[in-house]
$ cat structure.tsv   # TSV, C-alpha atoms
chain	number	residue	atom	x	y	z
R	199	MET	CA	-219.71	-212.62	8.61
R	200	THR	CA	-220.19	-210.15	11.44
R	201	ALA	CA	-217.28	-211.37	13.57
R	202	ALA	CA	-214.68	-209.84	11.25
R	203	ILE	CA	-216.44	-206.48	10.80
R	204	THR	CA	-216.20	-204.08	13.74
R	205	ALA	CA	-219.31	-202.05	14.53
R	206	GLY	CA	-219.27	-198.67	16.26
R	207	PRO	CA	-216.41	-196.23	16.93
R	208	VAL	CA	-212.80	-197.36	17.35
R	209	SER	CA	-210.48	-195.92	20.00
R	210	GLN	CA	-207.84	-193.56	18.66
R	211	ARG	CA	-204.27	-194.89	18.56
R	212	TYR	CA	-201.02	-194.45	16.69
R	213	VAL	CA	-200.67	-196.85	13.74
R	214	ASP	CA	-197.09	-197.67	12.82
R	215	PRO	CA	-196.49	-197.78	9.03
R	216	SER	CA	-194.40	-200.96	9.46
R	217	LEU	CA	-197.65	-202.83	10.09
R	218	ILE	CA	-198.27	-202.73	6.34
R	219	ASP	CA	-195.19	-204.90	5.76
R	220	TYR	CA	-196.16	-207.16	8.64
R	221	PHE	CA	-199.60	-207.92	7.22
R	222	THR	CA	-198.17	-208.31	3.70
R	223	GLU	CA	-195.66	-210.90	4.89
R	224	GLN	CA	-198.38	-212.75	6.81
R	225	LEU	CA	-200.53	-212.80	3.69
R	226	GLU	CA	-197.93	-214.74	1.70
R	227	GLY	CA	-197.79	-217.30	4.50
R	228	HIS	CA	-201.58	-217.68	4.39
R	229	TYR	CA	-201.47	-218.35	0.65
R	230	ARG	CA	-198.93	-221.14	1.22
R	231	ALA	CA	-200.94	-222.60	4.10
R	232	ASP	CA	-204.10	-222.61	1.99
R	233	VAL	CA	-202.45	-224.94	-0.52
R	234	LEU	CA	-201.29	-227.25	2.29
R	235	LEU	CA	-204.30	-227.21	4.63
R	236	GLY	CA	-207.48	-226.28	2.83
R	237	PRO	CA	-210.02	-223.68	3.98
R	238	HIS	CA	-211.41	-224.65	7.38
R	239	ASP	CA	-208.21	-224.30	9.39
R	240	LEU	CA	-207.57	-220.81	8.00
R	241	ILE	CA	-210.91	-219.02	7.82
R	242	ASP	CA	-210.97	-217.88	11.46
R	243	THR	CA	-207.30	-216.84	11.44
R	244	VAL	CA	-207.48	-214.75	8.26
R	245	SER	CA	-210.86	-213.25	9.21
R	246	ALA	CA	-209.47	-212.15	12.57
R	247	GLN	CA	-206.53	-210.47	10.88
R	248	TYR	CA	-208.86	-208.67	8.49
R	249	ALA	CA	-210.86	-207.46	11.52
R	250	LEU	CA	-207.68	-205.99	13.00
R	251	ILE	CA	-206.77	-204.30	9.70
R	252	ASP	CA	-210.28	-202.87	9.50
R	253	ARG	CA	-209.95	-201.34	12.99
R	254	LEU	CA	-206.52	-199.91	12.19
R	255	VAL	CA	-207.77	-198.35	8.94
R	256	ARG	CA	-210.36	-196.40	10.90
R	257	VAL	CA	-207.72	-194.57	12.93
R	258	ALA	CA	-204.73	-194.51	10.54
R	259	THR	CA	-203.98	-191.50	8.35
R	260	GLY	CA	-202.29	-190.65	5.07
R	261	GLU	CA	-200.23	-193.26	3.25
R	262	THR	CA	-200.39	-195.62	6.21
R	263	ARG	CA	-204.15	-195.72	5.88
R	264	ARG	CA	-203.96	-196.25	2.10
R	265	GLY	CA	-201.41	-199.02	2.51
R	266	LEU	CA	-203.58	-200.80	5.06
R	267	LEU	CA	-206.60	-200.48	2.78
R	268	ARG	CA	-204.63	-202.10	-0.06
R	269	VAL	CA	-203.52	-205.06	2.02
R	270	GLY	CA	-206.98	-205.25	3.60
R	271	ALA	CA	-208.54	-205.75	0.17
R	272	ALA	CA	-206.24	-208.72	-0.40
R	273	TYR	CA	-207.17	-210.20	2.99
R	274	ALA	CA	-210.90	-209.82	2.28
R	275	ALA	CA	-210.41	-211.49	-1.11
R	276	LEU	CA	-208.61	-214.40	0.56
R	277	VAL	CA	-211.38	-214.83	3.15
R	278	GLY	CA	-213.82	-214.88	0.23
R	279	TRP	CA	-211.78	-217.57	-1.51
R	280	LEU	CA	-211.59	-219.71	1.63
R	281	HIS	CA	-215.37	-219.59	2.01
R	282	GLN	CA	-215.73	-220.39	-1.68
R	283	ASP	CA	-213.47	-223.42	-1.30
R	284	ALA	CA	-215.58	-224.45	1.70
R	285	ARG	CA	-218.63	-224.19	-0.60
R	286	ASP	CA	-220.26	-221.37	1.37
R	287	LEU	CA	-221.09	-219.20	-1.62
R	288	ALA	CA	-223.19	-216.73	0.38
R	289	GLU	CA	-220.22	-215.87	2.62
R	290	ALA	CA	-217.89	-215.94	-0.39
R	291	THR	CA	-220.08	-213.41	-2.18
R	292	PHE	CA	-220.17	-211.17	0.91
R	293	TRP	CA	-216.40	-211.16	1.25
R	294	ARG	CA	-215.82	-210.59	-2.45
R	295	GLY	CA	-218.05	-207.55	-2.02
R	296	VAL	CA	-215.98	-206.37	0.95
R	297	ALA	CA	-212.82	-206.66	-1.16
R	298	GLN	CA	-214.38	-204.61	-3.95
R	299	GLU	CA	-215.60	-201.94	-1.52
R	300	VAL	CA	-212.12	-201.55	-0.06
R	301	ALA	CA	-210.58	-201.42	-3.56
R	302	LEU	CA	-212.99	-198.63	-4.48
R	303	ARG	CA	-212.23	-196.75	-1.27
R	304	VAL	CA	-208.51	-196.75	-2.00
R	305	GLN	CA	-209.28	-195.90	-5.67
R	306	ASP	CA	-206.74	-198.42	-6.93
R	307	PRO	CA	-207.59	-199.55	-10.51
R	308	LEU	CA	-205.53	-202.74	-10.16
R	309	LEU	CA	-207.32	-203.79	-6.98
R	310	ILE	CA	-210.68	-202.94	-8.53
R	311	SER	CA	-209.94	-205.20	-11.51
R	312	TYR	CA	-208.69	-207.90	-9.13
R	313	SER	CA	-211.89	-207.69	-7.10
R	314	LEU	CA	-214.00	-208.03	-10.25
R	315	VAL	CA	-212.13	-211.19	-11.26
R	316	ASN	CA	-212.70	-212.57	-7.76
R	317	GLN	CA	-216.41	-211.96	-8.12
R	318	ALA	CA	-216.28	-213.70	-11.49
R	319	GLN	CA	-214.84	-216.76	-9.73
R	320	VAL	CA	-217.96	-216.97	-7.59
R	321	ARG	CA	-220.12	-216.60	-10.70
R	322	THR	CA	-218.18	-219.51	-12.22
R	323	ASP	CA	-219.12	-221.70	-9.26
R	324	LEU	CA	-222.73	-220.56	-9.72
R	325	LYS	CA	-222.44	-221.69	-13.36
R	326	ASP	CA	-223.40	-218.21	-14.57
R	327	GLY	CA	-221.37	-218.00	-17.79
R	328	PRO	CA	-222.69	-214.63	-18.99
R	329	GLY	CA	-222.10	-213.13	-15.51
R	330	VAL	CA	-218.50	-214.34	-15.55
R	331	ILE	CA	-217.93	-212.79	-18.96
R	332	ASP	CA	-219.50	-209.47	-17.91
R	333	LEU	CA	-217.29	-209.15	-14.84
R	334	CYS	CA	-214.10	-210.11	-16.67
R	335	GLU	CA	-214.82	-207.65	-19.46
R	336	ALA	CA	-215.29	-204.95	-16.82
R	337	ALA	CA	-211.95	-205.94	-15.24
R	338	LEU	CA	-210.26	-205.58	-18.63
R	339	ASN	CA	-211.85	-202.24	-19.51
R	340	HIS	CA	-208.50	-200.43	-19.21
R	341	ARG	CA	-206.41	-203.26	-20.60
R	342	SER	CA	-203.60	-201.07	-21.93
R	343	GLY	CA	-202.79	-199.86	-18.42
R	344	LEU	CA	-203.20	-203.17	-16.61
R	345	PRO	CA	-200.18	-205.23	-15.55
R	346	PRO	CA	-199.75	-208.70	-17.10
R	347	LYS	CA	-200.90	-210.42	-13.91
R	348	ILE	CA	-204.37	-208.85	-14.02
R	349	GLN	CA	-204.70	-209.61	-17.72
R	350	VAL	CA	-203.81	-213.27	-17.12
R	351	MET	CA	-206.30	-213.54	-14.28
R	352	ALA	CA	-209.16	-211.88	-16.16
R	353	LEU	CA	-208.57	-213.65	-19.48
R	354	GLN	CA	-208.37	-217.13	-17.97
R	355	GLN	CA	-211.47	-216.51	-15.86
R	356	GLN	CA	-213.33	-215.25	-18.90
R	357	ALA	CA	-212.36	-218.51	-20.61
R	358	HIS	CA	-214.22	-220.35	-17.84
R	359	GLY	CA	-217.23	-218.17	-18.54
R	360	THR	CA	-217.19	-219.01	-22.25
R	361	SER	CA	-216.81	-222.72	-21.48
R	362	LEU	CA	-219.96	-222.45	-19.36
R	363	CYS	CA	-221.59	-221.06	-22.51
R	364	ASN	CA	-220.33	-224.09	-24.48
R	365	ASP	CA	-218.00	-221.95	-26.60
R	366	ARG	CA	-214.74	-223.86	-27.02
R	367	LYS	CA	-213.35	-221.53	-29.66
R	368	SER	CA	-213.54	-218.51	-27.38
R	369	SER	CA	-212.17	-220.47	-24.42
R	370	ASP	CA	-209.09	-221.51	-26.40
R	371	ARG	CA	-208.60	-218.00	-27.76
R	372	LEU	CA	-208.78	-216.40	-24.31
R	373	LEU	CA	-206.42	-218.94	-22.75
R	374	ASP	CA	-203.95	-218.42	-25.60
R	375	GLN	CA	-204.10	-214.67	-24.95
R	376	ALA	CA	-203.51	-215.26	-21.24
R	377	ALA	CA	-200.50	-217.48	-22.04
R	378	SER	CA	-198.90	-214.63	-23.99
R	379	HIS	CA	-198.77	-212.54	-20.77
R	380	VAL	CA	-197.56	-215.11	-18.21
R	381	SER	CA	-193.83	-214.70	-18.87
R	382	ARG	CA	-194.16	-210.93	-18.29
R	383	VAL	CA	-195.68	-211.21	-14.80
R	384	ASP	CA	-192.97	-209.64	-12.64
R	385	ASP	CA	-194.70	-207.28	-10.17
R	386	GLU	CA	-194.22	-207.38	-6.40
R	387	LEU	CA	-197.91	-207.29	-5.50
R	388	PRO	CA	-198.67	-209.85	-2.77
R	389	TRP	CA	-201.97	-210.97	-4.25
R	390	GLY	CA	-203.02	-212.79	-7.41
R	391	ASN	CA	-199.85	-214.85	-7.73
R	392	ALA	CA	-201.45	-218.20	-8.58
R	393	CYS	CA	-200.17	-217.92	-12.16
R	394	ARG	CA	-196.61	-217.92	-10.78
R	395	ARG	CA	-197.16	-220.19	-7.79
R	396	THR	CA	-199.19	-222.96	-9.48
R	397	PRO	CA	-197.31	-225.43	-11.72
R	398	GLY	CA	-198.98	-225.71	-15.12
R	399	TYR	CA	-201.40	-222.92	-14.22
R	400	LEU	CA	-202.93	-222.34	-17.65
R	401	GLU	CA	-202.91	-226.06	-18.51
R	402	VAL	CA	-205.03	-226.53	-15.39
R	403	GLN	CA	-207.50	-223.90	-16.61
R	404	ARG	CA	-207.67	-225.40	-20.10
R	405	ALA	CA	-208.15	-228.93	-18.79
R	406	THR	CA	-210.93	-227.69	-16.50
R	407	CYS	CA	-212.64	-225.90	-19.39
R	408	TYR	CA	-212.34	-228.98	-21.60
R	409	GLY	CA	-213.90	-231.18	-18.92
R	410	ARG	CA	-216.76	-228.70	-18.59
R	411	LEU	CA	-217.18	-228.75	-22.38
R	412	GLY	CA	-217.39	-232.56	-22.38
R	413	LEU	CA	-214.06	-233.01	-24.19
R	414	GLY	CA	-212.96	-236.04	-22.18
R	415	LYS	CA	-209.98	-237.26	-24.20
R	416	GLU	CA	-208.49	-233.77	-24.56
R	417	ALA	CA	-208.92	-233.14	-20.83
R	418	VAL	CA	-207.37	-236.51	-19.91
R	419	ALA	CA	-204.25	-235.71	-21.94
R	420	LEU	CA	-203.84	-232.34	-20.19
R	421	TRP	CA	-204.49	-233.67	-16.68
R	422	SER	CA	-201.93	-236.42	-17.23
R	423	GLU	CA	-199.31	-233.73	-17.90
R	424	VAL	CA	-200.42	-231.49	-15.04
R	425	LEU	CA	-200.34	-234.23	-12.38
R	426	ARG	CA	-196.73	-235.00	-13.27
R	427	ILE	CA	-195.58	-231.56	-12.15
R	428	VAL	CA	-197.85	-230.81	-9.18
R	429	PRO	CA	-195.83	-231.30	-5.96
R	430	PRO	CA	-197.23	-233.77	-3.40
R	431	THR	CA	-197.22	-230.97	-0.81
R	432	ALA	CA	-199.96	-229.11	-2.75
R	433	ARG	CA	-202.54	-231.55	-1.43
R	434	ARG	CA	-205.68	-229.48	-1.86
R	435	ASP	CA	-204.87	-228.55	-5.46
R	436	ARG	CA	-203.76	-232.09	-6.24
R	437	GLY	CA	-207.02	-233.49	-4.89
R	438	VAL	CA	-209.12	-231.11	-7.00
R	439	TYR	CA	-207.10	-231.99	-10.09
R	440	LEU	CA	-207.45	-235.73	-9.44
R	441	ALA	CA	-211.23	-235.37	-9.12
R	442	ARG	CA	-211.41	-233.40	-12.38
R	443	PHE	CA	-209.09	-235.92	-14.04
R	444	ALA	CA	-211.42	-238.72	-12.91
R	445	HIS	CA	-214.38	-236.87	-14.40
R	446	ALA	CA	-212.51	-236.46	-17.69
R	447	ALA	CA	-211.66	-240.18	-17.70
R	448	ALA	CA	-215.35	-241.00	-17.29
R	449	LEU	CA	-216.20	-238.71	-20.20
R	450	ALA	CA	-213.51	-240.50	-22.23
R	451	ARG	CA	-215.23	-243.80	-21.33
R	452	GLU	CA	-212.40	-245.04	-19.13
R	453	PRO	CA	-214.33	-246.07	-15.97
R	454	ASP	CA	-211.46	-248.10	-14.51
R	455	GLN	CA	-209.12	-245.11	-14.63
R	456	ALA	CA	-211.88	-242.86	-13.28
R	457	THR	CA	-212.42	-245.00	-10.16
R	458	GLU	CA	-208.67	-245.30	-9.50
R	459	LEU	CA	-208.30	-241.53	-9.62
R	460	ALA	CA	-211.41	-241.02	-7.51
R	461	GLU	CA	-209.93	-243.18	-4.74
R	462	GLN	CA	-206.94	-240.86	-4.48
R	463	ALA	CA	-209.12	-237.73	-4.56
R	464	VAL	CA	-211.47	-239.01	-1.84
R	465	SER	CA	-208.55	-239.61	0.52
R	466	ILE	CA	-207.39	-236.01	0.11
R	467	ALA	CA	-210.93	-234.64	0.37
R	468	LEU	CA	-211.39	-236.33	3.74
R	469	ASP	CA	-208.08	-234.89	4.99
R	470	THR	CA	-208.55	-231.31	3.80
R	471	GLY	CA	-212.30	-230.82	4.10
R	472	SER	CA	-212.35	-229.06	0.72
R	473	ALA	CA	-215.94	-228.73	-0.44
R	474	ARG	CA	-214.59	-227.93	-3.90
R	475	MET	CA	-213.20	-231.45	-4.09
R	476	ARG	CA	-216.51	-232.89	-2.92
R	477	ARG	CA	-218.35	-230.94	-5.60
R	478	GLU	CA	-216.01	-232.27	-8.27
R	479	LEU	CA	-216.57	-235.82	-7.03
R	480	THR	CA	-220.33	-235.27	-7.15
R	481	THR	CA	-219.92	-234.26	-10.80
R	482	LEU	CA	-217.98	-237.50	-11.31
R	483	ARG	CA	-220.93	-239.48	-9.94
R	484	SER	CA	-223.12	-238.09	-12.71
R	485	ALA	CA	-220.53	-238.86	-15.39
R	486	MET	CA	-220.27	-242.45	-14.13
R	487	LEU	CA	-224.02	-243.16	-14.39
R	488	PRO	CA	-223.56	-245.38	-17.49
R	489	TRP	CA	-221.64	-247.81	-15.25
R	490	ARG	CA	-223.75	-247.59	-12.09
R	491	ASP	CA	-224.83	-251.25	-12.36
R	492	THR	CA	-221.29	-252.51	-12.95
R	493	ARG	CA	-218.38	-253.11	-10.58
R	494	PHE	CA	-217.12	-249.61	-11.43
R	495	GLY	CA	-220.34	-248.05	-10.22
R	496	THR	CA	-220.31	-250.15	-7.07
R	497	THR	CA	-216.68	-249.24	-6.35
R	498	LEU	CA	-217.36	-245.53	-6.82
R	499	ALA	CA	-220.39	-245.64	-4.52
R	500	GLU	CA	-218.27	-247.31	-1.82
R	501	LEU	CA	-215.53	-244.71	-2.26
R	502	LEU	CA	-217.95	-241.79	-1.91
R	503	THR	CA	-219.78	-243.22	1.14
R	504	PRO	CA	-217.43	-241.57	3.71
R	505	LEU	CA	-217.97	-238.18	2.05
R	506	ASN	CA	-221.74	-238.63	2.10
R	507	ALA	CA	-221.60	-239.52	5.79
R	508	GLU	CA	-219.89	-236.19	6.61
R	509	GLU	CA	-222.41	-234.01	4.77
$ encode --input "structure.tsv" --output "structure tokens"
Amino acid sequence: MTAAITAGPVSQRYVDPSLIDYFTEQLEGHYRADVLLGPHDLIDTVSAQYALIDRLVRVATGETRRGLLRVGAAYAALVGWLHQDARDLAEATFWRGVAQEVALRVQDPLLISYSLVNQAQVRTDLKDGPGVIDLCEAALNHRSGLPPKIQVMALQQQAHGTSLCNDRKSSDRLLDQAASHVSRVDDELPWGNACRRTPGYLEVQRATCYGRLGLGKEAVALWSEVLRIVPPTARRDRGVYLARFAHAAALAREPDQATELAEQAVSIALDTGSARMRRELTTLRSAMLPWRDTRFGTTLAELLTPLNAEE
């Protein structure tokens, strides 16, 4: 936490405006690497770059300073996400707070809404449905002036909040509203591009909500479609989806399919170190309890043993 935040005064220096483009271009590369590598190999790199941006902001002036603040908010949000994926929710919460502070300092309504959605993501992992809904409603307060990207992000995250409250009707309604905005996302902002970068983005959200709601068969049908279009290179995402698919199969009372999918997910979890994947597989263990004394339960326990050994 402290390593990426500079304490004390910073020596005066000239800050070239072209550094804004440099950090923006680097940010896109970090997003791509996150999909390929997972969190642990990137946290130190992205945190160090945020530390540099923070030092430059302290001595920059005018539009250069504002531009660095904007890109700095995106870097802080990414560090928060990486910690969240690594299942360090305390650090994730800290960095989401840093992102919101920077957004407020630059007085950018879009970044402020973005930071609120990011905080709602942490609340989703904490299983705080009402908190997720509160934050997403705050992000959407000025909906008429928000670009489609922000509306998609906030609406789909609010759907997760309502699914945590066991409200399928609201989840479906919010995801349908988000879907109506996806085709209009055309801005050049470097952050919040998962809805364009992730194949089947809203189908992924709906399948996740359905699994959380206990709708196994519906979730299985959606995950089957999603896994057909996710590229093999997106290993971290693919592993998370496989683990959620396995959980849905268990809910649909298909233990054979659940264990087959779990085997694939465990292999990716061991490679990437994604704590998110491990959490999903832990959820699968609970869903498979009806078969714990059968060969399916034995197979699953054997599959999860390497993950337990690394904890």
$ closest_residue --input "structure.tsv" --among "R:Tyr212, R:Tyr408, R:Trp279, R:Tyr312" --to "Pro237 in chain R" --atoms "all atoms listed in the file"
R:Trp279
$ closest_residue --input "structure.tsv" --among "R:Asp232, R:Glu423, R:Asp385, R:Glu458" --to "His445 in chain R" --atoms "only C-alpha atoms"
R:Glu458
$ closest_residue --input "structure.tsv" --among "R:Asp332, R:Glu416, R:Asp214, R:Asp239" --to "Thr259 in chain R" --atoms "only C-alpha atoms"
R:Asp214
$ axis_aligned_box --input "structure.tsv" --around "range 441-447 of chain R" --padding-each-side "4 Å" --output "AutoDock Vina command-line options"
--center_x -211.7 --center_y -236.8 --center_z -13.4 --size_x 13.3 --size_y 14.8 --size_z 16.6
$ closest_residue --input "structure.tsv" --among "R:Gln455, R:Thr204, R:Ser381, R:Thr406" --to "Leu254 in chain R" --atoms "only C-alpha atoms"
R:Thr204
$ residues_around --input "structure.tsv" --residues "Tyr248 in chain R" --least-positions-apart "3" --cutoff "6 Å" --atoms "all atoms listed in the file" --output "VMD selection string"
chain R and resid 245 251 273
$ closest_residue --input "structure.tsv" --among "R:Leu314, R:Ala246, R:Ala447, R:Ala275" --to "Ile331 in chain R" --atoms "only C-alpha atoms"
R:Leu314
$ residues_around --input "structure.tsv" --residues "Ser361 in chain R" --least-positions-apart "4" --cutoff "9 Å" --atoms "only C-alpha atoms" --output "list in words"
Gly327, Gln356, Ala357, Asp365, Arg366, Lys367, Ser368, Ser369, Cys407, Tyr408, Arg410 and Leu411 of chain R
$ residues_around --input "structure.tsv" --residues "Ala463 in chain R" --least-positions-apart "6" --cutoff "7 Å" --atoms "only C-alpha atoms" --output "PyMOL selection string"
chain R and resi 437+440-441
$ closest_residue --input "structure.tsv" --among "R:Pro504, R:Gly265, R:Pro328, R:Pro453" --to "Pro215 in chain R" --atoms "only C-alpha atoms"
R:Gly265
$ residues_around --input "structure.tsv" --residues "Ile218 in chain R" --least-positions-apart "6" --cutoff "8 Å" --atoms "all atoms listed in the file" --output "MDAnalysis selection string"
chainID R and resid 262 265:266 269
$ residues_around --input "structure.tsv" --residues "Arg433 in chain R" --least-positions-apart "3" --cutoff "7 Å" --atoms "all atoms listed in the file" --output "PyMOL selection string"
chain R and resi 233-234+430+436-437+466
$ atom_distance --input "structure.tsv" --atom1 "CA of Val257 in chain R" --atom2 "CA of Arg303 in chain R"
15.1 Å
$ residues_near_point --input "structure.tsv" --point "(-196.1, -210.9, -15.2)" --cutoff "10 Å" --atoms "only C-alpha atoms" --output "VMD selection string"
chain R and resid 345 to 350 378 to 386 391 393 to 394
$ build_atoms --input "structure.tsv" --residues "range 355-373 of chain R" --atoms "N, CA, C and O atoms" --output "PDB file, keeping the file's coordinate frame"
ATOM      1  N   GLN R 355    -210.156-216.367 -16.470  1.00  0.00           N
ATOM      2  CA  GLN R 355    -211.470-216.510 -15.860  1.00  0.00           C
ATOM      3  C   GLN R 355    -212.577-216.322 -16.882  1.00  0.00           C
ATOM      4  O   GLN R 355    -213.606-217.002 -16.840  1.00  0.00           O
ATOM      5  N   GLN R 356    -212.355-215.425 -17.816  1.00  0.00           N
ATOM      6  CA  GLN R 356    -213.330-215.250 -18.900  1.00  0.00           C
ATOM      7  C   GLN R 356    -213.441-216.521 -19.733  1.00  0.00           C
ATOM      8  O   GLN R 356    -214.521-216.868 -20.222  1.00  0.00           O
ATOM      9  N   ALA R 357    -212.326-217.233 -19.881  1.00  0.00           N
ATOM     10  CA  ALA R 357    -212.360-218.510 -20.610  1.00  0.00           C
ATOM     11  C   ALA R 357    -213.285-219.506 -19.908  1.00  0.00           C
ATOM     12  O   ALA R 357    -214.018-220.262 -20.565  1.00  0.00           O
ATOM     13  N   HIS R 358    -213.284-219.487 -18.571  1.00  0.00           N
ATOM     14  CA  HIS R 358    -214.220-220.350 -17.840  1.00  0.00           C
ATOM     15  C   HIS R 358    -215.661-219.947 -18.144  1.00  0.00           C
ATOM     16  O   HIS R 358    -216.536-220.803 -18.300  1.00  0.00           O
ATOM     17  N   GLY R 359    -215.886-218.634 -18.212  1.00  0.00           N
ATOM     18  CA  GLY R 359    -217.230-218.170 -18.540  1.00  0.00           C
ATOM     19  C   GLY R 359    -217.688-218.644 -19.907  1.00  0.00           C
ATOM     20  O   GLY R 359    -218.829-219.099 -20.075  1.00  0.00           O
ATOM     21  N   THR R 360    -216.802-218.568 -20.902  1.00  0.00           N
ATOM     22  CA  THR R 360    -217.190-219.010 -22.250  1.00  0.00           C
ATOM     23  C   THR R 360    -217.366-220.519 -22.300  1.00  0.00           C
ATOM     24  O   THR R 360    -218.206-221.028 -23.058  1.00  0.00           O
ATOM     25  N   SER R 361    -216.605-221.264 -21.488  1.00  0.00           N
ATOM     26  CA  SER R 361    -216.810-222.720 -21.480  1.00  0.00           C
ATOM     27  C   SER R 361    -218.173-223.054 -20.882  1.00  0.00           C
ATOM     28  O   SER R 361    -218.814-224.024 -21.306  1.00  0.00           O
ATOM     29  N   LEU R 362    -218.620-222.258 -19.904  1.00  0.00           N
ATOM     30  CA  LEU R 362    -219.960-222.450 -19.360  1.00  0.00           C
ATOM     31  C   LEU R 362    -221.036-222.167 -20.410  1.00  0.00           C
ATOM     32  O   LEU R 362    -222.159-222.668 -20.307  1.00  0.00           O
ATOM     33  N   CYS R 363    -220.685-221.362 -21.400  1.00  0.00           N
ATOM     34  CA  CYS R 363    -221.590-221.060 -22.510  1.00  0.00           C
ATOM     35  C   CYS R 363    -221.375-222.001 -23.697  1.00  0.00           C
ATOM     36  O   CYS R 363    -221.884-221.752 -24.800  1.00  0.00           O
ATOM     37  N   ASN R 364    -220.587-223.069 -23.470  1.00  0.00           N
ATOM     38  CA  ASN R 364    -220.330-224.090 -24.480  1.00  0.00           C
ATOM     39  C   ASN R 364    -219.631-223.534 -25.718  1.00  0.00           C
ATOM     40  O   ASN R 364    -219.900-223.935 -26.846  1.00  0.00           O
ATOM     41  N   ASP R 365    -218.708-222.611 -25.505  1.00  0.00           N
ATOM     42  CA  ASP R 365    -218.000-221.950 -26.600  1.00  0.00           C
ATOM     43  C   ASP R 365    -216.508-222.288 -26.508  1.00  0.00           C
ATOM     44  O   ASP R 365    -215.717-221.551 -25.928  1.00  0.00           O
ATOM     45  N   ARG R 366    -216.139-223.425 -27.097  1.00  0.00           N
ATOM     46  CA  ARG R 366    -214.740-223.860 -27.020  1.00  0.00           C
ATOM     47  C   ARG R 366    -213.811-222.893 -27.741  1.00  0.00           C
ATOM     48  O   ARG R 366    -212.709-222.611 -27.249  1.00  0.00           O
ATOM     49  N   LYS R 367    -214.221-222.407 -28.883  1.00  0.00           N
ATOM     50  CA  LYS R 367    -213.350-221.530 -29.660  1.00  0.00           C
ATOM     51  C   LYS R 367    -212.925-220.310 -28.852  1.00  0.00           C
ATOM     52  O   LYS R 367    -211.744-219.943 -28.822  1.00  0.00           O
ATOM     53  N   SER R 368    -213.877-219.687 -28.180  1.00  0.00           N
ATOM     54  CA  SER R 368    -213.540-218.510 -27.380  1.00  0.00           C
ATOM     55  C   SER R 368    -212.688-218.881 -26.172  1.00  0.00           C
ATOM     56  O   SER R 368    -211.774-218.137 -25.786  1.00  0.00           O
ATOM     57  N   SER R 369    -212.971-220.030 -25.562  1.00  0.00           N
ATOM     58  CA  SER R 369    -212.170-220.470 -24.420  1.00  0.00           C
ATOM     59  C   SER R 369    -210.708-220.636 -24.824  1.00  0.00           C
ATOM     60  O   SER R 369    -209.792-220.155 -24.132  1.00  0.00           O
ATOM     61  N   ASP R 370    -210.469-221.317 -25.932  1.00  0.00           N
ATOM     62  CA  ASP R 370    -209.090-221.510 -26.400  1.00  0.00           C
ATOM     63  C   ASP R 370    -208.428-220.178 -26.725  1.00  0.00           C
ATOM     64  O   ASP R 370    -207.267-219.949 -26.376  1.00  0.00           O
ATOM     65  N   ARG R 371    -209.174-219.299 -27.377  1.00  0.00           N
ATOM     66  CA  ARG R 371    -208.600-218.000 -27.760  1.00  0.00           C
ATOM     67  C   ARG R 371    -208.196-217.199 -26.526  1.00  0.00           C
ATOM     68  O   ARG R 371    -207.095-216.623 -26.471  1.00  0.00           O
ATOM     69  N   LEU R 372    -209.065-217.166 -25.525  1.00  0.00           N
ATOM     70  CA  LEU R 372    -208.780-216.400 -24.310  1.00  0.00           C
ATOM     71  C   LEU R 372    -207.606-216.988 -23.531  1.00  0.00           C
ATOM     72  O   LEU R 372    -206.757-216.259 -23.005  1.00  0.00           O
ATOM     73  N   LEU R 373    -207.530-218.311 -23.464  1.00  0.00           N
ATOM     74  CA  LEU R 373    -206.420-218.940 -22.750  1.00  0.00           C
ATOM     75  C   LEU R 373    -205.105-218.729 -23.499  1.00  0.00           C
ATOM     76  O   LEU R 373    -204.050-218.558 -22.881  1.00  0.00           O
TER      77      LEU R 373
END
